[in-house]
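Colleague: Below is final.tsv; it holds TSV, C-alpha atoms.
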```
chain	number	residue	atom	x	y	z
N	1	MET	CA	132.03	107.83	132.44
N	2	ASN	CA	131.58	107.06	128.74
N	3	GLU	CA	128.04	106.43	127.57
N	4	GLN	CA	127.58	103.02	126.01
N	5	THR	CA	126.36	103.05	122.42
N	6	PRO	CA	122.88	101.49	122.35
N	7	SER	CA	122.49	98.23	120.47
N	8	PRO	CA	120.85	98.66	117.05
N	9	ILE	CA	118.79	95.51	117.71
N	10	ASN	CA	115.26	96.12	119.00
N	11	ALA	CA	114.94	93.61	121.84
N	12	GLY	CA	111.17	94.14	122.00
N	13	ILE	CA	110.48	92.05	118.89
N	14	PRO	CA	110.37	88.27	119.48
N	15	PRO	CA	113.09	86.74	117.28
N	16	ARG	CA	110.74	84.25	115.60
N	17	GLU	CA	108.41	87.07	114.51
N	18	ARG	CA	111.23	88.78	112.62
N	19	LEU	CA	111.08	86.40	109.66
N	20	ILE	CA	108.38	87.40	107.17
N	21	PHE	CA	107.77	84.81	104.48
N	22	ALA	CA	106.79	86.24	101.09
N	23	LEU	CA	103.87	84.08	100.02
N	24	ASP	CA	104.31	84.92	96.34
N	25	VAL	CA	102.32	82.18	94.65
N	26	ALA	CA	99.61	82.13	92.02
N	27	ASP	CA	96.64	80.53	93.76
N	28	LEU	CA	94.98	79.69	97.05
N	29	GLU	CA	95.77	75.98	97.08
N	30	GLN	CA	99.49	76.59	96.57
N	31	ALA	CA	99.40	79.11	99.38
N	32	ARG	CA	97.58	76.78	101.74
N	33	ARG	CA	100.02	73.95	101.04
N	34	LEU	CA	102.97	76.17	101.85
N	35	VAL	CA	101.38	77.47	105.05
N	36	ASP	CA	100.66	73.89	106.15
N	37	THR	CA	104.22	72.82	105.28
N	38	LEU	CA	105.82	75.70	107.15
N	39	GLY	CA	103.68	75.26	110.27
N	40	ASP	CA	105.11	77.10	113.27
N	41	SER	CA	108.43	77.84	111.53
N	42	VAL	CA	106.85	81.04	110.15
N	43	LEU	CA	104.66	83.40	112.15
N	44	PHE	CA	104.50	86.37	109.75
N	45	TYR	CA	103.39	86.30	106.10
N	46	LYS	CA	103.71	88.85	103.32
N	47	LEU	CA	100.90	88.87	100.77
N	48	GLY	CA	101.86	90.80	97.64
N	49	LEU	CA	100.56	91.70	94.22
N	50	GLU	CA	100.81	88.26	92.64
N	51	PHE	CA	98.54	86.67	95.20
N	52	PHE	CA	96.29	89.74	95.28
N	53	LEU	CA	95.38	89.01	91.66
N	54	SER	CA	94.44	85.42	92.51
N	55	GLY	CA	91.09	86.64	93.79
N	56	ASN	CA	91.50	85.00	97.21
N	57	TYR	CA	93.60	87.61	98.96
N	58	PHE	CA	91.31	88.40	101.86
N	59	GLU	CA	90.10	84.81	102.19
N	60	LEU	CA	93.69	83.73	102.84
N	61	ALA	CA	94.35	86.73	105.08
N	62	ALA	CA	91.40	85.68	107.27
N	63	GLU	CA	92.66	82.08	107.37
N	64	LEU	CA	96.13	83.22	108.39
N	65	ARG	CA	94.67	85.46	111.08
N	66	GLY	CA	92.62	82.53	112.34
N	67	ARG	CA	95.83	80.51	112.69
N	68	GLY	CA	97.42	83.24	114.78
N	69	LYS	CA	99.69	84.55	112.03
N	70	LYS	CA	100.62	88.16	111.34
N	71	ILE	CA	99.96	89.70	107.94
N	72	PHE	CA	101.97	92.15	105.85
N	73	ALA	CA	99.93	93.52	102.93
N	74	ASP	CA	102.65	94.52	100.48
N	75	LEU	CA	100.57	96.29	97.84
N	76	LYS	CA	102.73	99.43	97.48
N	77	LEU	CA	99.73	101.75	97.32
N	78	PHE	CA	100.23	104.65	94.91
N	79	ASP	CA	97.38	106.97	94.00
N	80	ILE	CA	95.96	110.35	94.92
N	81	PRO	CA	96.01	110.86	98.71
N	82	ALA	CA	92.26	110.43	99.18
N	83	THR	CA	92.27	107.08	97.38
N	84	VAL	CA	95.32	105.89	99.31
N	85	ALA	CA	93.59	106.82	102.57
N	86	SER	CA	90.46	104.88	101.59
N	87	ALA	CA	92.51	101.82	100.65
N	88	VAL	CA	94.43	101.95	103.93
N	89	ARG	CA	91.15	102.11	105.90
N	90	GLN	CA	89.92	99.03	104.03
N	91	LEU	CA	93.11	97.12	104.87
N	92	ALA	CA	92.94	98.16	108.52
N	93	ARG	CA	89.43	96.69	108.75
N	94	ARG	CA	90.88	93.37	107.60
N	95	ARG	CA	93.16	93.27	110.67
N	96	VAL	CA	96.33	93.55	108.62
N	97	ASP	CA	99.48	94.31	110.65
N	98	PHE	CA	101.64	96.11	108.05
N	99	CYS	CA	100.93	97.71	104.69
N	100	THR	CA	103.17	99.50	102.19
N	101	VAL	CA	102.77	102.85	100.46
N	102	HIS	CA	105.05	103.87	97.59
N	103	GLY	CA	104.40	107.54	97.08
N	104	ASN	CA	105.08	111.17	97.89
N	105	ASP	CA	104.61	113.06	101.15
N	106	GLY	CA	100.90	113.70	100.56
N	107	MET	CA	100.19	110.00	100.00
N	108	LEU	CA	102.23	109.02	103.05
N	109	ARG	CA	100.45	111.54	105.29
N	110	ALA	CA	97.05	110.38	104.06
N	111	ALA	CA	97.96	106.75	104.76
N	112	ALA	CA	99.28	107.57	108.23
N	113	GLU	CA	96.12	109.45	109.14
N	114	ALA	CA	93.90	106.53	108.04
N	115	LYS	CA	95.89	103.57	109.42
N	116	GLY	CA	94.21	103.02	112.78
N	117	ASP	CA	96.12	100.25	114.59
N	118	MET	CA	97.81	99.05	111.41
N	119	ARG	CA	101.40	100.11	110.72
N	120	VAL	CA	102.25	101.90	107.50
N	121	LEU	CA	105.62	101.32	105.84
N	122	ALA	CA	107.02	103.63	103.19
N	123	VAL	CA	108.90	101.98	100.33
N	124	THR	CA	112.26	103.70	99.89
N	125	ALA	CA	114.12	102.14	96.93
N	126	LEU	CA	113.31	98.69	95.56
N	127	THR	CA	116.07	96.18	96.27
N	128	SER	CA	116.06	95.14	92.60
N	129	LEU	CA	117.40	98.60	91.64
N	130	ASP	CA	121.11	99.29	91.33
N	131	GLN	CA	122.80	102.65	90.77
N	132	GLY	CA	122.36	102.42	87.00
N	133	ASP	CA	118.62	101.94	87.46
N	134	LEU	CA	118.41	104.93	89.80
N	135	ASP	CA	120.31	107.04	87.27
N	136	ASP	CA	117.87	105.97	84.55
N	137	LEU	CA	114.95	106.98	86.79
N	138	GLY	CA	116.41	110.45	87.19
N	139	PHE	CA	117.59	110.27	90.81
N	140	GLN	CA	120.69	112.41	91.19
N	141	CYS	CA	121.98	110.63	94.28
N	142	ASP	CA	123.08	107.16	95.32
N	143	ALA	CA	120.82	104.53	96.90
N	144	HIS	CA	121.97	105.29	100.46
N	145	ALA	CA	121.16	109.00	100.15
N	146	LEU	CA	117.79	108.27	98.54
N	147	VAL	CA	116.79	105.79	101.26
N	148	LEU	CA	117.81	108.15	104.07
N	149	SER	CA	115.92	111.06	102.53
N	150	ARG	CA	112.76	109.03	102.04
N	151	ALA	CA	113.00	107.51	105.52
N	152	ARG	CA	113.20	110.93	107.19
N	153	ARG	CA	110.26	112.19	105.17
N	154	ALA	CA	108.22	109.06	105.92
N	155	LEU	CA	108.76	109.46	109.65
N	156	ALA	CA	107.83	113.14	109.46
N	157	ALA	CA	104.65	112.20	107.58
N	158	GLY	CA	103.58	109.85	110.37
N	159	CYS	CA	104.59	106.49	108.90
N	160	ASP	CA	105.72	103.75	111.26
N	161	GLY	CA	108.61	102.44	109.23
N	162	VAL	CA	110.27	101.84	105.90
N	163	VAL	CA	111.09	99.04	103.52
N	164	SER	CA	114.76	99.15	102.58
N	165	SER	CA	117.71	96.98	101.71
N	166	GLY	CA	119.66	95.59	104.64
N	167	LEU	CA	122.64	97.48	103.23
N	168	GLU	CA	121.04	100.80	104.17
N	169	VAL	CA	120.04	99.81	107.71
N	170	PRO	CA	123.29	100.90	109.44
N	171	ALA	CA	122.90	104.41	108.04
N	172	LEU	CA	119.20	104.46	108.99
N	173	ARG	CA	120.00	103.46	112.56
N	174	ALA	CA	122.80	106.02	112.76
N	175	SER	CA	120.85	109.00	111.46
N	176	VAL	CA	117.10	108.33	111.74
N	177	ASP	CA	115.01	107.89	114.89
N	178	HIS	CA	115.27	104.35	116.30
N	179	ALA	CA	111.47	104.27	116.57
N	180	LEU	CA	111.40	103.72	112.79
N	181	ILE	CA	110.56	100.10	111.89
N	182	THR	CA	112.93	98.66	109.29
N	183	VAL	CA	111.66	95.85	107.06
N	184	CYS	CA	114.26	94.39	104.70
N	185	PRO	CA	113.60	92.36	101.54
N	186	GLY	CA	116.47	91.15	99.37
N	187	ILE	CA	117.57	88.78	102.14
N	188	ARG	CA	119.65	85.91	100.88
N	189	PRO	CA	120.72	83.32	103.47
N	190	ILE	CA	123.85	81.24	103.06
N	191	PHE	CA	123.17	77.50	103.32
N	192	ASN	CA	126.08	75.04	103.57
N	193	ASP	CA	128.62	77.81	102.84
N	194	GLU	CA	127.21	78.30	99.34
N	195	ALA	CA	126.99	81.85	97.99
N	196	PRO	CA	123.36	83.02	97.74
N	197	PRO	CA	121.91	83.55	94.26
N	198	LEU	CA	121.13	87.15	93.28
N	199	ASP	CA	118.01	86.33	91.22
N	200	ASP	CA	116.62	89.77	90.29
N	201	GLN	CA	117.88	91.35	93.51
N	202	ASN	CA	120.88	93.66	93.39
N	203	ARG	CA	121.19	95.03	96.93
N	204	ILE	CA	121.16	91.97	99.18
N	205	ALA	CA	122.18	91.03	102.72
N	206	THR	CA	122.33	87.84	104.77
N	207	PRO	CA	119.89	87.39	107.69
N	208	GLY	CA	122.60	87.68	110.33
N	209	ALA	CA	124.18	90.79	108.81
N	210	ALA	CA	120.82	92.56	108.44
N	211	ILE	CA	119.71	91.82	112.02
N	212	ALA	CA	123.11	92.78	113.45
N	213	ALA	CA	122.89	96.09	111.59
N	214	GLY	CA	119.52	96.84	113.18
N	215	ALA	CA	116.89	95.44	110.81
N	216	ASP	CA	113.64	94.68	112.62
N	217	TYR	CA	112.06	92.30	110.11
N	218	LEU	CA	113.41	90.26	107.18
N	219	VAL	CA	111.36	89.37	104.12
N	220	VAL	CA	112.39	86.05	102.56
N	221	GLY	CA	110.61	84.38	99.66
N	222	ARG	CA	112.40	82.21	97.11
N	223	PRO	CA	115.12	80.79	99.41
N	224	ILE	CA	112.29	79.20	101.43
N	225	ARG	CA	109.64	78.60	98.77
N	226	ASP	CA	112.03	76.99	96.27
N	227	ALA	CA	113.98	74.92	98.79
N	228	SER	CA	113.70	71.13	98.66
N	229	ASP	CA	112.51	71.33	102.29
N	230	PRO	CA	110.86	74.75	102.86
N	231	ARG	CA	110.31	74.18	106.57
N	232	ALA	CA	113.95	73.24	107.15
N	233	ALA	CA	115.04	76.33	105.20
N	234	ALA	CA	112.77	78.55	107.30
N	235	GLU	CA	114.08	77.01	110.53
N	236	ALA	CA	117.68	77.52	109.37
N	237	ILE	CA	116.94	81.21	108.80
N	238	GLN	CA	115.21	81.41	112.19
N	239	THR	CA	118.40	80.05	113.76
N	240	GLN	CA	120.50	82.66	111.97
N	241	ILE	CA	118.16	85.41	113.19
N	242	SER	CA	118.19	84.09	116.76
N	243	ASN	CA	121.98	83.91	116.81
N	244	ALA	CA	122.27	87.48	115.49
N	245	CYS	CA	119.85	88.73	118.17
N	246	LYS	CA	122.01	87.16	120.88
N	247	SER	CA	125.33	88.49	119.64
```
Could you rewrite the structure in this file as structure tokens?

Modeller:
Amino acid sequence: MNEQTPSPINAGIPPRERLIFALDVADLEQARRLVDTLGDSVLFYKLGLEFFLSGNYFELAAELRGRGKKIFADLKLFDIPATVASAVRQLARRRVDFCTVHGNDGMLRAAAEAKGDMRVLAVTALTSLDQGDLDDLGFQCDAHALVLSRARRALAAGCDGVVSSGLEVPALRASVDHALITVCPGIRPIFNDEAPPLDDQNRIATPGAAIAAGADYLVVGRPIRDASDPRAAAEAIQTQISNACKS
């Protein structure tokens, strides 16, 4: 009897938790307004560098936690291993769910050893980079090869997952342990059959394609934040994710 190929979709993650909204705004009041507007259409929030510099990062993180939301601290920590470990411990005390590290094996190991219950994600290749950018940076391989190499090393270092383009997820699922969490930015939904804008993203995927390929979580910012009705945009993406999980 032929063995059935396992589905790349992790059924253990509730579909509505798979959408991570990138709360990339300049100040606390803007952030609060968006959270109020989105209500229960978003359960998971990414807090990145822009909001970190607002001075209210942990105040908002505590408010989100109090509202039952999950928190992804996308700070792409990069420093000597001891400093990375100290920063990861600080984040873990704030009851953050995910954090990102953008560094070498020593930094990743230090983060993994300090993470406690928090999950550490290794950044593979930024979705704004195309092959020309990688060539300029001195990488003598294509994006797929770079992402796979970094994913394998991240898993070996004790990280829980990676941040990668949805375009690389099929290869990750085919050649890297399925225990690896895949978080995909560069997600561009199609609304009303209109082609999604690239903005500054070069390696993009639609929500349905990324989930069907095996992505665990999707990071979406501008298509929700800049929509005329952010809540409706978030709910439309939730529907696309739900449909992909069922297929």

Colleague: Taking 6 positions as the minimum chain separation for residues in the same chain, which residues sit within 10 Å of Ser86 in chain N when counting only C-alpha atoms? Answer as a ChimeraX atom specification.

Modeller: /N:92,110-111,114-115

Colleague: CA of Asn243 in chain N and CA of Gly48 in chain N, how far apart in Å?

Modeller: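 About the pair CA of Gly48 in chain N and CA of Asn243 in chain N: they are 28.6 Å apart.
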
Colleague: At what distance in Å, to one decimal, does CA of Ala154 in chain N lie from CA of Ala244 in chain N?

Modeller: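 These atoms are spaced 27.5 Å apart.
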
Colleague: Please measure the separation of CA of Val220 in chain N and CA of Ala22 in chain N, giving the value in Å to one decimal.

Modeller: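 Interatomic distance here is 5.8 Å.
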
Colleague: Excluding Val42 in chain N and residues on its chain fewer than 3 positions from it, collect all residues at most 7 Å away from it, counting only C-alpha atoms, and give them as a list in words.

Modeller: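 My reading of the contact set: Leu19, Phe21, Leu38 and Gly39 of chain N.
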
Colleague: Using the selection just defined, write its residues with C-alpha atoms as a short mmCIF file (atom, residue, chain, number, x, y, z; two decimals), keeping the file's coordinate frame.

Modeller:
```
data_model
loop_
_atom_site.label_atom_id
_atom_site.label_comp_id
_atom_site.auth_asym_id
_atom_site.auth_seq_id
_atom_site.Cartn_x
_atom_site.Cartn_y
_atom_site.Cartn_z
CA LEU N 19 111.08 86.40 109.66
CA PHE N 21 107.77 84.81 104.48
CA LEU N 38 105.82 75.70 107.15
CA GLY N 39 103.68 75.26 110.27
#
```

Colleague: So that I can check the surroundings of Gly158 in chain N, please list as number ranges by chain every protein, DNA and RNA residue that reaches within 8 Å of it, counting all atoms listed in the file and ignoring chain neighbours fewer than 6 positions away.

Modeller: N: 108-109, 112-113
